[in-house]
Amino acid sequence: MKREGFFITLEGGDGSGKTTILGRVAAYLQNHSMPYIITREPGGIEIAEKIRSIILDPAHTAMDARTEALLYAAARSQHLAEVVEPALEQGITVLCDRFVDSSLVYQGVARGLGIEAVREINRFATGGRMPDLTFYLDVDPEVGLSRINANQSREVNRLDLESLEFHRKVKAGYEQVIAAEKQRIVVLDANRPVHMVEQELVQVLKDRILKDF
């Protein structure tokens, strides 16, 4: 019987370096002949990318927090159905930039909807699917925002325009989620240079994933 692929997600505040680290993880898996795909949320498939454009459009400042949470969950449901689940069933490892934890933090905590309310929305959207392993790139909000401002080629979305206080709430939200998910979520200090973050992450992959591959 073919083994299901691993579902690995990266989480972190804006400017934490998820995209860069995802590329490093992908290169490492490729060097070990481990089949994988890289995807992202919201997005990763045509329908979900269209929902992404609505959510993150800087012009949509009037969007209600509940609308935002429901749109994220809708995009996630489609993404799972079309991308994540089929890949896992084929034994392919899925590397995903953000998943349910982001909604718990951004909408549940920073938007004030409550973690449990957002968790329930996403439980319905995902059928209870959660990652096998999550890396949280822990960066000070001031550092993350300075990276965003320095990167002229980066997509500027509606969340990037939020206040420093909002991003501090995001960090506090992640701390709440991590406290309840210590077995699944590995915290990496992303204030450090990328190569140091990569080294620590790779060691965790060796210990948790590749030892049985």
# chains A, B, ... in the order shown; residues from 1 in each chain; ligands from 1
>>> residues_around(residues="A:Ala172", least_positions_apart="2", cutoff="12 Å", atoms="only C-alpha atoms", output="ChimeraX atom specification")
/A:12-13,104-106,108-110,138-141,165-170,174-179
>>> residues_around(residues="A:His79", least_positions_apart="6", cutoff="8 Å", atoms="only C-alpha atoms", output="list in words")
Glu41, Gly43, Gly44, Ile45 and Ala48 of chain A
>>> select_by_dssp(residues="stretch 43-110 of chain A", states="alpha helix (DSSP H)", output="PyMOL selection string")
chain A and resi 46-56+65-79+85-89+100-103
>>> closest_residue(among="A:Ile8, A:Leu22, A:Met63, A:Gly112", to="A:Val197", atoms="only C-alpha atoms")
A:Leu22
>>> atom_distance(atom1="atom CA of A:Pro42", atom2="atom CA of A:Tyr136")
17.4 Å
>>> residues_around(residues="A:Arg147", least_positions_apart="5", cutoff="9 Å", atoms="only C-alpha atoms", output="list in words")
Asp14, Gly15, Ser16, Gly17 and Glu142 of chain A
>>> write_last_selection(atoms="N, CA and C atoms", output="PDB file, in the first residue's frame")
ATOM      1  N   ASP A  14       3.883  38.667   8.376  1.00  0.00           N
ATOM      2  CA  ASP A  14       4.303  39.217   7.095  1.00  0.00           C
ATOM      3  C   ASP A  14       5.771  39.642   7.164  1.00  0.00           C
ATOM      4  N   GLY A  15       6.532  39.253   6.126  1.00  0.00           N
ATOM      5  CA  GLY A  15       7.946  39.575   6.100  1.00  0.00           C
ATOM      6  C   GLY A  15       8.822  38.604   6.854  1.00  0.00           C
ATOM      7  N   SER A  16       8.279  37.440   7.207  1.00  0.00           N
ATOM      8  CA  SER A  16       9.055  36.461   7.984  1.00  0.00           C
ATOM      9  C   SER A  16       9.986  35.618   7.130  1.00  0.00           C
ATOM     10  N   GLY A  17       9.811  35.669   5.802  1.00  0.00           N
ATOM     11  CA  GLY A  17      10.708  34.941   4.910  1.00  0.00           C
ATOM     12  C   GLY A  17      10.217  33.578   4.480  1.00  0.00           C
ATOM     13  N   GLU A 142       8.367  44.534  13.677  1.00  0.00           N
ATOM     14  CA  GLU A 142       9.125  45.658  13.117  1.00  0.00           C
ATOM     15  C   GLU A 142      10.106  45.183  12.051  1.00  0.00           C
TER      16      GLU A 142
END
>>> select_by_dssp(residues="stretch 24-155 of chain A", states="strand (DSSP E)", output="PyMOL selection string")
chain A and resi 36-40+93-97+133-138
>>> closest_residue(among="A:Val118, A:Met196, A:Ala26, A:Ala69", to="A:Thr93", atoms="only C-alpha atoms")
A:Ala26
>>> closest_residue(among="A:Leu137, A:Asp132, A:Lys50, A:Leu56", to="A:Val194", atoms="only C-alpha atoms")
A:Leu137
>>> residues_around(residues="A:Asp57", least_positions_apart="2", cutoff="12 Å", atoms="only C-alpha atoms", output="list in words")
Glu49, Lys50, Ile51, Arg52, Ser53, Ile54, Ile55, Ala59, His60, Thr61, Ala62, Met63, Glu68, Glu155, Val156, Asn157, Arg158, Leu159, Asp160 and Leu161 of chain A
>>> atom_distance(atom1="atom CA of A:Phe99", atom2="atom CA of A:Thr9")
6.8 Å
>>> atom_distance(atom1="atom CA of A:Gly127", atom2="atom CA of A:Arg3")
20.2 Å
>>> residues_around(residues="A:Gly91", least_positions_apart="3", cutoff="10 Å", atoms="only C-alpha atoms", output="PyMOL selection string")
chain A and resi 2-6+34-36+86-88+94
